[in-house]
>>> print(open('data05.tsv').read())   # TSV, C-alpha atoms
chain	number	residue	atom	x	y	z
A	7	MET	CA	-1.03	-25.72	-2.06
A	8	ARG	CA	0.71	-25.92	-5.42
A	9	GLY	CA	-0.29	-24.80	-8.86
A	10	ARG	CA	-1.08	-27.71	-11.15
A	11	GLU	CA	1.46	-26.25	-13.50
A	12	GLY	CA	4.00	-26.46	-10.66
A	13	ALA	CA	5.37	-23.59	-8.68
A	14	GLY	CA	8.01	-22.99	-11.29
A	15	PRO	CA	8.86	-20.25	-13.78
A	16	LEU	CA	7.24	-16.84	-13.71
A	17	SER	CA	5.89	-17.48	-17.19
A	18	GLY	CA	3.59	-20.24	-15.90
A	19	PRO	CA	-0.21	-19.89	-16.22
A	20	ALA	CA	-0.79	-19.55	-12.46
A	21	PHE	CA	1.60	-16.64	-12.06
A	22	GLY	CA	0.34	-15.12	-15.32
A	23	ARG	CA	-3.23	-14.89	-14.04
A	24	TYR	CA	-2.08	-13.60	-10.68
A	25	PHE	CA	0.11	-11.02	-12.39
A	26	SER	CA	-2.86	-9.88	-14.51
A	27	ALA	CA	-5.09	-9.61	-11.43
A	28	VAL	CA	-2.53	-7.47	-9.62
A	29	THR	CA	-2.11	-5.24	-12.68
A	30	VAL	CA	-5.83	-4.63	-13.10
A	31	GLY	CA	-6.29	-3.96	-9.40
A	32	ALA	CA	-3.35	-1.56	-9.34
A	33	PHE	CA	-4.76	0.38	-12.28
A	34	GLY	CA	-8.05	0.94	-10.46
A	35	THR	CA	-6.27	1.87	-7.26
A	36	ALA	CA	-4.24	4.46	-9.14
A	37	LEU	CA	-7.45	6.04	-10.41
A	38	THR	CA	-8.85	6.24	-6.90
A	39	ALA	CA	-5.61	7.72	-5.54
A	40	VAL	CA	-6.50	10.83	-7.55
A	41	ALA	CA	-10.28	10.68	-7.41
A	42	MET	CA	-10.63	10.23	-3.64
A	43	PRO	CA	-8.74	13.38	-2.52
A	44	VAL	CA	-10.61	15.41	-5.15
A	45	LEU	CA	-13.91	13.97	-3.90
A	46	VAL	CA	-13.09	14.78	-0.28
A	47	VAL	CA	-11.45	18.19	-0.74
A	48	ASP	CA	-13.26	19.68	-3.74
A	49	VAL	CA	-16.63	17.92	-3.93
A	50	LEU	CA	-17.38	17.49	-0.22
A	51	GLY	CA	-15.38	20.56	0.89
A	52	ALA	CA	-13.61	18.84	3.77
A	53	SER	CA	-11.20	20.63	6.08
A	54	ALA	CA	-7.69	19.33	6.70
A	55	PHE	CA	-8.85	17.60	9.87
A	56	GLU	CA	-11.80	16.00	8.06
A	57	VAL	CA	-9.46	14.80	5.30
A	58	GLY	CA	-7.44	13.06	8.00
A	59	ILE	CA	-10.54	11.42	9.50
A	60	VAL	CA	-11.70	10.11	6.10
A	61	ASN	CA	-8.22	8.83	5.27
A	62	ALA	CA	-8.03	7.10	8.64
A	63	ALA	CA	-11.38	5.31	8.18
A	64	GLN	CA	-10.05	2.80	5.66
A	65	PHE	CA	-7.09	1.96	7.91
A	66	LEU	CA	-9.04	1.51	11.16
A	67	PRO	CA	-10.14	-2.08	10.35
A	68	TYR	CA	-6.49	-3.13	10.37
A	69	ALA	CA	-6.31	-2.18	14.03
A	70	LEU	CA	-9.56	-3.94	14.85
A	71	LEU	CA	-9.36	-7.03	12.63
A	72	GLY	CA	-5.80	-7.39	11.43
A	73	LEU	CA	-4.42	-9.91	13.94
A	74	VAL	CA	-7.54	-12.08	13.79
A	75	ALA	CA	-7.55	-11.95	9.99
A	76	GLY	CA	-4.05	-13.38	9.92
A	77	VAL	CA	-5.09	-16.38	11.98
A	78	TYR	CA	-8.01	-17.19	9.71
A	79	VAL	CA	-5.99	-16.67	6.54
A	80	ASP	CA	-3.59	-19.31	7.86
A	81	ARG	CA	-6.59	-21.61	8.41
A	82	TRP	CA	-8.70	-20.92	5.31
A	83	ARG	CA	-8.09	-21.40	1.58
A	84	ARG	CA	-6.19	-18.27	0.64
A	85	GLN	CA	-7.37	-18.19	-2.96
A	86	ARG	CA	-11.00	-18.10	-1.80
A	87	VAL	CA	-10.20	-15.33	0.67
A	88	LEU	CA	-8.67	-13.27	-2.15
A	89	VAL	CA	-11.78	-13.64	-4.33
A	90	TRP	CA	-14.26	-12.64	-1.64
A	91	ALA	CA	-12.06	-9.79	-0.42
A	92	SER	CA	-11.94	-8.32	-3.94
A	93	LEU	CA	-15.71	-8.63	-4.38
A	94	GLY	CA	-16.28	-6.97	-1.02
A	95	ARG	CA	-14.04	-4.04	-1.90
A	96	ALA	CA	-15.82	-3.70	-5.23
A	97	ALA	CA	-19.18	-3.44	-3.46
A	98	ALA	CA	-17.90	-0.86	-0.96
A	99	LEU	CA	-16.50	1.37	-3.72
A	100	ALA	CA	-19.58	0.96	-5.92
A	101	LEU	CA	-21.76	2.36	-3.15
A	102	ILE	CA	-19.85	5.67	-3.23
A	103	PRO	CA	-21.18	6.87	-6.63
A	104	VAL	CA	-24.59	5.41	-5.77
A	105	CYS	CA	-24.79	7.50	-2.58
A	106	TRP	CA	-23.52	10.52	-4.49
A	107	ALA	CA	-26.24	10.10	-7.15
A	108	LEU	CA	-28.87	9.84	-4.40
A	109	GLY	CA	-27.55	12.99	-2.72
A	110	VAL	CA	-26.62	11.23	0.54
A	111	LEU	CA	-22.83	11.10	0.22
A	112	HIS	CA	-21.86	12.98	3.36
A	113	LEU	CA	-18.43	12.77	4.93
A	114	TRP	CA	-19.55	10.29	7.57
A	115	VAL	CA	-21.14	8.08	4.90
A	116	LEU	CA	-17.92	8.11	2.89
A	117	ALA	CA	-15.93	7.29	6.03
A	118	ALA	CA	-18.25	4.33	6.76
A	119	LEU	CA	-17.88	2.97	3.22
A	120	LEU	CA	-14.10	3.32	3.39
A	121	PHE	CA	-14.16	1.48	6.72
A	122	LEU	CA	-16.07	-1.36	4.99
A	123	PHE	CA	-13.54	-1.28	2.14
A	124	GLY	CA	-10.71	-1.53	4.64
A	125	ALA	CA	-12.33	-4.48	6.43
A	126	PHE	CA	-12.28	-6.55	3.23
A	127	ALA	CA	-8.79	-5.28	2.41
A	128	VAL	CA	-7.45	-6.63	5.74
A	129	PHE	CA	-8.19	-10.19	4.64
A	130	GLY	CA	-7.25	-9.60	1.02
A	131	PHE	CA	-3.77	-8.29	1.69
A	132	ALA	CA	-2.99	-10.97	4.28
A	133	ALA	CA	-3.96	-13.64	1.75
A	134	SER	CA	-2.16	-12.02	-1.18
A	135	GLN	CA	1.19	-11.93	0.59
A	136	SER	CA	0.70	-15.53	1.74
A	137	VAL	CA	-0.36	-17.09	-1.56
A	138	LEU	CA	2.59	-16.01	-3.72
A	139	PRO	CA	5.08	-18.52	-2.20
A	140	GLN	CA	2.66	-21.23	-3.32
A	141	ILE	CA	2.55	-19.99	-6.90
A	142	VAL	CA	6.31	-19.68	-7.40
A	143	GLU	CA	9.29	-21.32	-5.72
A	144	ARG	CA	10.75	-19.44	-2.79
A	145	ARG	CA	14.04	-18.89	-4.57
A	146	ALA	CA	12.08	-16.93	-7.22
A	147	LEU	CA	10.18	-14.75	-4.75
A	148	ARG	CA	12.26	-11.60	-5.16
A	149	ALA	CA	11.98	-11.77	-8.95
A	150	ALA	CA	8.24	-12.48	-8.68
A	151	ASN	CA	7.69	-9.59	-6.27
A	152	ALA	CA	9.71	-7.31	-8.56
A	153	ARG	CA	7.54	-8.34	-11.52
A	154	LEU	CA	4.41	-7.58	-9.52
A	155	ASP	CA	5.86	-4.24	-8.45
A	156	GLN	CA	6.59	-3.45	-12.10
A	157	ALA	CA	2.97	-4.19	-12.96
A	158	GLU	CA	1.72	-1.95	-10.18
A	159	ALA	CA	4.17	0.79	-11.11
A	160	THR	CA	3.10	0.65	-14.76
A	161	ALA	CA	-0.53	0.99	-13.72
A	162	GLN	CA	0.35	3.80	-11.35
A	163	SER	CA	2.13	5.63	-14.18
A	164	ALA	CA	-0.83	5.70	-16.55
A	165	GLY	CA	-3.60	5.47	-13.95
A	166	PRO	CA	-3.19	8.79	-12.12
A	167	ALA	CA	-2.96	10.92	-15.26
A	168	LEU	CA	-5.96	9.12	-16.72
A	169	GLY	CA	-7.67	9.36	-13.37
A	170	GLY	CA	-7.13	13.11	-13.25
A	171	LEU	CA	-8.52	13.44	-16.76
A	172	LEU	CA	-11.44	11.16	-15.93
A	173	VAL	CA	-12.23	13.17	-12.79
A	174	ALA	CA	-12.17	16.37	-14.83
A	175	VAL	CA	-14.59	14.90	-17.39
A	176	VAL	CA	-17.05	12.77	-15.39
A	177	GLY	CA	-16.35	13.78	-11.79
A	178	ALA	CA	-14.67	12.04	-8.88
A	179	PRO	CA	-17.57	9.75	-7.83
A	180	LEU	CA	-17.90	8.12	-11.26
A	181	ALA	CA	-14.14	7.75	-11.54
A	182	ILE	CA	-14.22	5.73	-8.32
A	183	ALA	CA	-16.82	3.46	-9.91
A	184	VAL	CA	-14.16	2.36	-12.39
A	185	ASP	CA	-12.04	1.09	-9.50
A	186	ALA	CA	-15.01	-0.97	-8.31
A	187	VAL	CA	-15.14	-2.68	-11.71
A	188	THR	CA	-11.41	-3.48	-11.58
A	189	TYR	CA	-11.89	-5.34	-8.30
A	190	VAL	CA	-14.53	-7.52	-9.93
A	191	VAL	CA	-12.10	-8.32	-12.76
A	192	ASP	CA	-9.43	-9.01	-10.15
A	193	ALA	CA	-11.72	-11.53	-8.42
A	194	VAL	CA	-12.52	-13.33	-11.67
A	195	LEU	CA	-8.85	-13.65	-12.58
A	196	VAL	CA	-7.83	-14.96	-9.16
A	197	ALA	CA	-10.73	-17.43	-9.13
A	198	GLY	CA	-9.42	-18.87	-12.39
A	199	ILE	CA	-5.96	-19.73	-11.03
A	200	ARG	CA	-5.59	-23.52	-10.89
A	201	LEU	CA	-4.34	-24.24	-7.41
A	202	ARG	CA	-4.60	-27.34	-5.27
A	203	GLU	CA	-5.34	-25.93	-1.89
A	204	THR	CA	-6.92	-27.36	1.23
A	205	ALA	CA	-7.87	-25.68	4.44
A	206	ARG	CA	-5.10	-26.07	7.00
A	207	ALA	CA	-5.68	-28.38	9.89
A	208	VAL	CA	-6.08	-26.65	13.24
A	209	PRO	CA	-5.42	-28.64	16.41
A	210	GLN	CA	-8.44	-29.13	18.64
A	211	ARG	CA	-8.87	-26.59	21.40
A	212	ARG	CA	-6.28	-24.36	19.76
A	213	SER	CA	-7.11	-20.88	20.99
A	214	LEU	CA	-7.35	-17.97	18.63
A	215	TRP	CA	-5.31	-15.87	21.02
A	216	ARG	CA	-2.48	-18.40	21.11
A	217	GLU	CA	-2.22	-18.31	17.32
A	218	VAL	CA	-2.23	-14.51	17.37
A	219	VAL	CA	0.61	-14.52	19.91
A	220	GLU	CA	2.62	-16.93	17.73
A	221	GLY	CA	2.42	-14.47	14.84
A	222	LEU	CA	3.41	-11.56	17.07
A	223	ARG	CA	6.39	-13.43	18.52
A	224	TRP	CA	7.66	-14.53	15.14
A	225	THR	CA	7.39	-11.02	13.72
A	226	TYR	CA	8.88	-8.99	16.54
A	227	ARG	CA	11.41	-11.42	18.03
A	228	HIS	CA	13.06	-12.26	14.73
A	229	ARG	CA	16.39	-10.47	14.50
A	230	THR	CA	15.66	-8.93	11.08
A	231	LEU	CA	11.86	-9.01	10.82
A	232	GLY	CA	11.59	-7.16	14.15
A	233	PRO	CA	13.47	-4.00	13.12
A	234	LEU	CA	11.96	-4.22	9.64
A	235	ALA	CA	8.50	-4.20	11.20
A	236	VAL	CA	9.19	-1.26	13.52
A	237	SER	CA	10.87	0.80	10.79
A	238	THR	CA	7.97	0.13	8.46
A	239	HIS	CA	5.42	1.10	11.12
A	240	VAL	CA	7.12	4.46	11.55
A	241	TRP	CA	7.29	4.83	7.75
A	242	PHE	CA	3.52	4.36	7.48
A	243	LEU	CA	2.93	6.97	10.17
A	244	ALA	CA	4.99	9.50	8.22
A	245	ASN	CA	3.59	8.52	4.83
A	246	ALA	CA	-0.07	8.81	5.84
A	247	ALA	CA	0.52	12.14	7.55
A	248	GLY	CA	2.44	13.40	4.53
A	249	PHE	CA	-0.20	12.51	1.97
A	250	THR	CA	-2.98	13.90	4.15
A	251	VAL	CA	-1.19	17.25	4.24
A	252	LEU	CA	-0.20	16.99	0.57
A	253	ALA	CA	-3.82	16.68	-0.58
A	254	VAL	CA	-4.74	20.02	1.00
A	255	PHE	CA	-1.39	21.67	0.28
A	256	ALA	CA	-1.39	20.82	-3.43
A	257	LEU	CA	-5.11	21.03	-4.28
A	258	ARG	CA	-6.03	24.04	-2.19
A	259	THR	CA	-2.93	26.04	-1.22
A	260	LEU	CA	-0.82	25.58	-4.35
A	261	GLY	CA	-3.84	25.47	-6.67
A	262	PHE	CA	-3.18	22.14	-8.41
A	263	GLY	CA	-6.13	20.97	-10.50
A	264	PRO	CA	-7.25	17.30	-10.64
A	265	PHE	CA	-5.23	16.57	-13.78
A	266	LEU	CA	-2.02	18.16	-12.49
A	267	TYR	CA	-2.51	16.41	-9.16
A	268	GLY	CA	-2.83	13.16	-11.08
A	269	VAL	CA	0.39	13.88	-12.94
A	270	LEU	CA	2.22	13.85	-9.59
A	271	PHE	CA	1.11	10.28	-8.98
A	272	ALA	CA	1.87	9.32	-12.58
A	273	ALA	CA	5.41	10.58	-12.10
A	274	ALA	CA	5.68	8.52	-8.92
A	275	GLY	CA	4.43	5.49	-10.84
A	276	LEU	CA	7.04	5.88	-13.58
A	277	ALA	CA	9.77	6.19	-10.99
A	278	ALA	CA	8.41	3.18	-9.11
A	279	LEU	CA	8.60	1.19	-12.35
A	280	ALA	CA	12.26	2.15	-12.69
A	281	GLY	CA	12.88	1.19	-9.08
A	282	ALA	CA	11.11	-2.16	-9.41
A	283	THR	CA	13.12	-2.89	-12.56
A	284	VAL	CA	16.40	-2.70	-10.65
A	285	ALA	CA	15.06	-4.08	-7.34
A	286	SER	CA	16.02	-7.69	-7.93
A	287	ARG	CA	19.54	-6.84	-9.13
A	288	ALA	CA	20.02	-4.44	-6.23
A	289	GLY	CA	18.97	-7.13	-3.78
A	290	ASP	CA	21.35	-9.64	-5.36
A	291	ARG	CA	24.28	-7.24	-5.23
A	292	LEU	CA	23.71	-5.31	-1.98
A	293	GLY	CA	21.50	-7.71	-0.08
A	294	SER	CA	17.83	-7.21	0.64
A	295	GLY	CA	18.44	-5.45	3.96
A	296	ALA	CA	20.90	-2.91	2.56
A	297	THR	CA	18.56	-2.22	-0.35
A	298	ILE	CA	15.64	-1.60	2.01
A	299	THR	CA	17.77	0.67	4.19
A	300	THR	CA	18.96	2.68	1.19
A	301	GLY	CA	15.38	3.13	0.09
A	302	ARG	CA	14.41	4.42	3.52
A	303	ALA	CA	17.11	7.10	3.22
A	304	ILE	CA	15.44	8.60	0.14
A	305	TYR	CA	12.04	9.42	1.64
A	306	PRO	CA	13.16	12.31	3.90
A	307	LEU	CA	14.84	13.95	0.90
A	308	ALA	CA	11.65	13.65	-1.14
A	309	TRP	CA	9.44	15.27	1.48
A	310	MET	CA	11.96	18.06	2.06
A	311	LEU	CA	11.28	19.09	-1.54
A	312	VAL	CA	7.53	19.15	-0.87
A	313	ALA	CA	8.05	21.33	2.20
A	314	LEU	CA	10.18	23.75	0.16
A	315	ALA	CA	7.58	24.26	-2.61
A	316	PRO	CA	6.83	28.01	-2.86
A	317	LEU	CA	3.45	29.66	-3.24
A	318	SER	CA	2.58	31.52	-6.42
A	319	ASP	CA	-0.17	33.92	-7.39
A	320	GLY	CA	-2.76	32.67	-9.83
A	321	GLY	CA	-2.25	28.92	-9.49
A	322	PRO	CA	0.67	26.53	-9.14
A	323	GLY	CA	4.04	28.00	-10.05
A	324	VAL	CA	6.65	26.25	-12.14
A	325	VAL	CA	9.02	25.80	-9.20
A	326	ALA	CA	6.31	24.20	-7.07
A	327	VAL	CA	5.34	21.84	-9.88
A	328	VAL	CA	8.97	20.80	-10.44
A	329	LEU	CA	9.65	20.27	-6.73
A	330	LEU	CA	6.52	18.22	-6.09
A	331	THR	CA	7.01	16.16	-9.24
A	332	THR	CA	10.63	15.44	-8.30
A	333	ALA	CA	9.57	14.57	-4.76
A	334	MET	CA	6.96	12.09	-5.96
A	335	MET	CA	9.48	10.53	-8.35
A	336	LEU	CA	11.95	10.03	-5.50
A	337	GLN	CA	9.15	8.58	-3.39
A	338	GLY	CA	8.13	6.20	-6.16
A	339	PHE	CA	11.67	5.09	-6.96
A	340	ALA	CA	12.44	4.33	-3.32
A	341	GLY	CA	9.25	2.31	-2.98
A	342	GLY	CA	9.94	0.40	-6.18
A	343	VAL	CA	13.45	-0.55	-5.11
A	344	GLU	CA	12.70	-1.60	-1.56
A	345	ASN	CA	9.27	-3.25	-1.75
A	346	ALA	CA	10.23	-6.43	-3.63
A	347	ASN	CA	13.17	-6.93	-1.29
A	348	GLU	CA	11.02	-6.38	1.78
A	349	MET	CA	8.36	-8.83	0.59
A	350	SER	CA	10.85	-11.52	-0.43
A	351	LEU	CA	12.75	-11.23	2.86
A	352	ARG	CA	9.54	-11.65	4.83
A	353	GLN	CA	8.24	-14.51	2.69
A	354	THR	CA	11.56	-16.36	2.64
A	355	VAL	CA	12.26	-16.39	6.37
A	356	THR	CA	8.68	-17.17	7.45
A	357	PRO	CA	7.27	-20.74	7.46
A	358	ASP	CA	4.14	-21.22	5.36
A	359	GLY	CA	1.98	-21.85	8.41
A	360	LEU	CA	2.89	-18.44	9.81
A	361	LEU	CA	2.80	-16.38	6.62
A	362	GLY	CA	-0.79	-15.21	7.03
A	363	ARG	CA	-0.24	-14.16	10.62
A	364	THR	CA	3.10	-12.50	9.91
A	365	SER	CA	1.69	-10.57	6.96
A	366	ALA	CA	-1.44	-9.58	8.85
A	367	THR	CA	0.51	-8.61	11.97
A	368	MET	CA	2.75	-6.24	10.04
A	369	ARG	CA	-0.03	-4.88	7.87
A	370	SER	CA	-2.33	-4.45	10.86
A	371	ALA	CA	0.25	-2.39	12.70
A	372	ASN	CA	1.23	-0.55	9.52
A	373	ARG	CA	-2.32	0.49	8.74
A	374	THR	CA	-3.01	1.37	12.35
A	375	MET	CA	-0.04	3.70	12.23
A	376	ALA	CA	-1.36	5.03	8.92
A	377	ALA	CA	-4.71	5.77	10.52
A	378	ILE	CA	-2.97	7.61	13.36
A	379	GLY	CA	-0.71	9.39	10.89
A	380	ALA	CA	-3.64	10.54	8.77
A	381	VAL	CA	-5.42	12.02	11.79
A	382	LEU	CA	-2.23	13.58	13.17
A	383	GLY	CA	-1.42	15.02	9.75
A	384	GLY	CA	-4.83	16.67	9.62
A	385	ILE	CA	-4.50	18.01	13.15
A	386	ALA	CA	-0.98	19.29	12.53
A	387	ALA	CA	-1.99	21.02	9.31
A	388	THR	CA	-4.89	22.68	11.12
A	389	LEU	CA	-2.91	23.82	14.17
A	390	LEU	CA	0.59	24.37	12.80
A	391	GLY	CA	0.01	24.99	9.12
A	392	GLU	CA	0.77	22.78	6.15
A	393	ARG	CA	4.44	23.68	5.69
A	394	ALA	CA	5.41	23.12	9.33
A	395	SER	CA	3.54	19.81	9.23
A	396	LEU	CA	5.53	18.72	6.19
A	397	TRP	CA	8.80	19.35	8.04
A	398	LEU	CA	7.54	17.16	10.88
A	399	VAL	CA	6.84	14.46	8.30
A	400	VAL	CA	10.46	14.72	7.15
A	401	CYS	CA	11.65	14.14	10.71
A	402	VAL	CA	9.52	11.02	11.15
A	403	PHE	CA	10.86	9.58	7.88
A	404	VAL	CA	14.37	10.14	9.27
A	405	VAL	CA	13.44	8.06	12.32
A	406	ALA	CA	12.26	5.20	10.08
A	407	PHE	CA	15.57	5.28	8.23
A	408	GLY	CA	17.54	5.39	11.47
A	409	ILE	CA	15.84	2.26	12.83
A	410	ALA	CA	16.79	0.30	9.70
A	411	LEU	CA	20.34	1.68	9.62
A	412	LEU	CA	21.14	0.85	13.25
A	413	SER	CA	19.77	-2.71	13.25
A	414	PRO	CA	20.68	-6.18	11.83
A	415	LEU	CA	18.28	-5.44	8.99
A	416	ARG	CA	21.00	-3.36	7.33
A	417	THR	CA	23.08	-6.45	6.53
A	418	ALA	CA	20.29	-9.04	6.05
A	419	ARG	CA	20.13	-11.18	2.93
A	420	ASP	CA	17.04	-13.22	2.08
A	421	ASP	CA	19.21	-16.00	0.64
A	422	GLU	CA	20.86	-16.45	4.04
A	423	GLU	CA	18.00	-15.68	6.42
A	424	ASN	CA	16.50	-19.16	6.42
A	425	ILE	CA	16.57	-19.71	10.17
A	426	PRO	CA	14.99	-17.60	12.95
>>> encode(input="data05.tsv", output="structure tokens")
Amino acid sequence: MRGREGAGPLSGPAFGRYFSAVTVGAFGTALTAVAMPVLVVDVLGASAFEVGIVNAAQFLPYALLGLVAGVYVDRWRRQRVLVWASLGRAAALALIPVCWALGVLHLWVLAALLFLFGAFAVFGFAASQSVLPQIVERRALRAANARLDQAEATAQSAGPALGGLLVAVVGAPLAIAVDAVTYVVDAVLVAGIRLRETARAVPQRRSLWREVVEGLRWTYRHRTLGPLAVSTHVWFLANAAGFTVLAVFALRTLGFGPFLYGVLFAAAGLAALAGATVASRAGDRLGSGATITTGRAIYPLAWMLVALAPLSDGGPGVVAVVLLTTAMMLQGFAGGVENANEMSLRQTVTPDGLLGRTSATMRSANRTMAAIGAVLGGIAATLLGERASLWLVVCVFVVAFGIALLSPLRTARDDEENIP
């Protein structure tokens, strides 16, 4: 599969449309990042445990479908998978405001719709990480991933603040409807990319399970992808637990309103933009593995600040606002720096015929850990309290950093990792 313009410069028409699709989708996602917690906590009145269950619902399909999705993405036309996955996610999100308007949006209904959303997302993300090496040359992958991260970070900077304002004006359900529209736009843009792509030939009698096992072996037996995968799995466990607790801690305990809650994510988006801007240069100078490892060291520091945020009478205090904003900026910067390097390392070392399975294997395990983390975060906040739960989150982030630090990942370079 090659773009008719050639898989050349990032300014080519194929990458331009893909870049636009990612930007639009990221903008909608940033809106929902604010609207969904407000919908669950404030509109539906969920407890901390129920917040965890709802958050886990959209990740559960990765555990059930992720490995199989990778096999089929390696067989099917990836561009077509991307289009249908975006349309499916649009439909799932659009049903949320419809159910709310009809008065039937209960927690279990929302969880079911998020499960449907996640099922389409499984295929969409596996295809998105597999199609990029066909749009640009592999030597340009880090720069391309950094550009995409910049687009997402820009959207995440403006999106949350606008999302908080939109939630305050029209309510959380209607704000989520905007995200549904962005997925439709995403699908249209991706469908318009001019790519020559054919379905991949599959040997007769090739078992689905054998192809799944090939993806698992490549991912976990590779000397750098293996520790990267395990470290990232632990990271997702901590991250999902942290944001589950944060939603209740900030919105209910600290008294953050929707707009101020959105500002936290906007700050993270701005910092992510800064991180993505330097990601390619950092990878060139330090190596992709060292850059990823450095990023993993920042997360525990960020969540320590969240855990230290003090309570204040009559709403959020200045100190709490400063600490949480700083924490989210550290979180965003770390993600911006490491993500492009992580994606380029994975895409560079993996043969095209295994990209779908490798991406789906990692994302399946990542989202499964996120589902577990979301539930555990809710349970911990209920049984231990929010602040104690946040300190546990810090400890798990430390484990993720330690795995990267003490493995070959620390010295890996994507320009040298061209053999298993």
>>> closest_residue(input="data05.tsv", among="A:Val128, A:Val173, A:Ala387, A:Leu234", to="Gly94 in chain A", atoms="only C-alpha atoms")
A:Val128
>>> closest_residue(input="data05.tsv", among="A:Ala98, A:Val46, A:Ala346, A:Leu311", to="Val190 in chain A", atoms="all atoms listed in the file")
A:Ala98
>>> closest_residue(input="data05.tsv", among="A:Val405, A:Ala52, A:Val74, A:Ala96", to="Val187 in chain A", atoms="only C-alpha atoms")
A:Ala96
>>> residues_near_point(input="data05.tsv", point="(7.7, 16.9, -7.9)", cutoff="9 Å", atoms="only C-alpha atoms", output="JSON, numbers by chain")
{"A": [270, 273, 274, 308, 311, 312, 326, 327, 328, 329, 330, 331, 332, 333, 334, 335, 336]}
>>> atom_distance(input="data05.tsv", atom1="CA of Gly169 in chain A", atom2="CA of Ala278 in chain A")
17.7 Å
>>> atom_distance(input="data05.tsv", atom1="CA of Leu108 in chain A", atom2="CA of Ala380 in chain A")
28.5 Å
>>> closest_residue(input="data05.tsv", among="A:Tyr24, A:Trp224, A:Phe339, A:Tyr267", to="Thr300 in chain A", atoms="only C-alpha atoms")
A:Phe339
>>> residues_around(input="data05.tsv", residues="Gln135 in chain A", least_positions_apart="4", cutoff="8 Å", atoms="all atoms listed in the file", output="PyMOL selection string")
chain A and resi 131+349+353+361-362+365
>>> residues_around(input="data05.tsv", residues="Ala97 in chain A", least_positions_apart="4", cutoff="8 Å", atoms="only C-alpha atoms", output="compact mmCIF listing (two decimals) with C-alpha atoms, keeping the file's coordinate frame")
# COMPACT_ATOMS: atom_id res chain seq x y z
CA LEU A 93 -15.71 -8.63 -4.38
CA LEU A 101 -21.76 2.36 -3.15
CA ALA A 186 -15.01 -0.97 -8.31
>>> residues_around(input="data05.tsv", residues="Asp290 in chain A", least_positions_apart="6", cutoff="10 Å", atoms="only C-alpha atoms", output="number ranges by chain")
A: 148, 297, 347, 419-421
>>> closest_atom_pairs(input="data05.tsv", of="range 311-386 of chain A", to="range 229-232 of chain A", cutoff="12 Å", atoms="only C-alpha atoms", output="JSON lines")
{"residue": "A:Glu348", "atom": "CA", "partner": "A:Leu231", "partner_atom": "CA", "distance": 9.5}
{"residue": "A:Met349", "atom": "CA", "partner": "A:Leu231", "partner_atom": "CA", "distance": 10.8}
{"residue": "A:Ser350", "atom": "CA", "partner": "A:Leu231", "partner_atom": "CA", "distance": 11.6}
{"residue": "A:Leu351", "atom": "CA", "partner": "A:Leu231", "partner_atom": "CA", "distance": 8.3}
{"residue": "A:Arg352", "atom": "CA", "partner": "A:Leu231", "partner_atom": "CA", "distance": 6.9}
{"residue": "A:Gln353", "atom": "CA", "partner": "A:Leu231", "partner_atom": "CA", "distance": 10.5}
{"residue": "A:Thr354", "atom": "CA", "partner": "A:Leu231", "partner_atom": "CA", "distance": 11.0}
{"residue": "A:Val355", "atom": "CA", "partner": "A:Leu231", "partner_atom": "CA", "distance": 8.6}
{"residue": "A:Thr356", "atom": "CA", "partner": "A:Leu231", "partner_atom": "CA", "distance": 9.4}
{"residue": "A:Thr364", "atom": "CA", "partner": "A:Leu231", "partner_atom": "CA", "distance": 9.5}
{"residue": "A:Ser365", "atom": "CA", "partner": "A:Leu231", "partner_atom": "CA", "distance": 11.0}
{"residue": "A:Thr367", "atom": "CA", "partner": "A:Gly232", "partner_atom": "CA", "distance": 11.4}
{"residue": "A:Met368", "atom": "CA", "partner": "A:Leu231", "partner_atom": "CA", "distance": 9.6}
>>> atom_distance(input="data05.tsv", atom1="CA of Thr225 in chain A", atom2="CA of Pro357 in chain A")
11.6 Å
>>> residues_around(input="data05.tsv", residues="Pro139 in chain A", least_positions_apart="5", cutoff="9 Å", atoms="only C-alpha atoms", output="NGL selection string")
:A and (13 or 144 or 146-147 or 353-354 or 358)
>>> closest_residue(input="data05.tsv", among="A:Thr388, A:Pro306, A:Gly359, A:Ala418", to="Val400 in chain A", atoms="only C-alpha atoms")
A:Pro306
>>> closest_residue(input="data05.tsv", among="A:Leu222, A:Met42, A:Ala69, A:Val28", to="Ala150 in chain A", atoms="only C-alpha atoms")
A:Val28
>>> residues_around(input="data05.tsv", residues="Gln64 in chain A", least_positions_apart="5", cutoff="6 Å", atoms="all atoms listed in the file", output="ChimeraX atom specification")
/A:120-121,124
>>> build_atoms(input="data05.tsv", residues="range 133-137 of chain A", atoms="N, CA and C atoms", output="CSV table (one decimal), in the frame of the given file")
chain,number,residue,atom,x,y,z
A,133,ALA,N,-4.0,-12.5,2.6
A,133,ALA,CA,-4.0,-13.6,1.8
A,133,ALA,C,-3.0,-13.5,0.6
A,134,SER,N,-3.0,-12.2,0.0
A,134,SER,CA,-2.2,-12.0,-1.2
A,134,SER,C,-0.7,-12.2,-0.9
A,135,GLN,N,-0.2,-11.8,0.3
A,135,GLN,CA,1.2,-11.9,0.6
A,135,GLN,C,1.5,-13.4,1.0
A,136,SER,N,0.5,-14.1,1.3
A,136,SER,CA,0.7,-15.5,1.7
A,136,SER,C,0.6,-16.5,0.6
A,137,VAL,N,-0.1,-16.1,-0.5
A,137,VAL,CA,-0.4,-17.1,-1.6
A,137,VAL,C,0.8,-17.1,-2.6
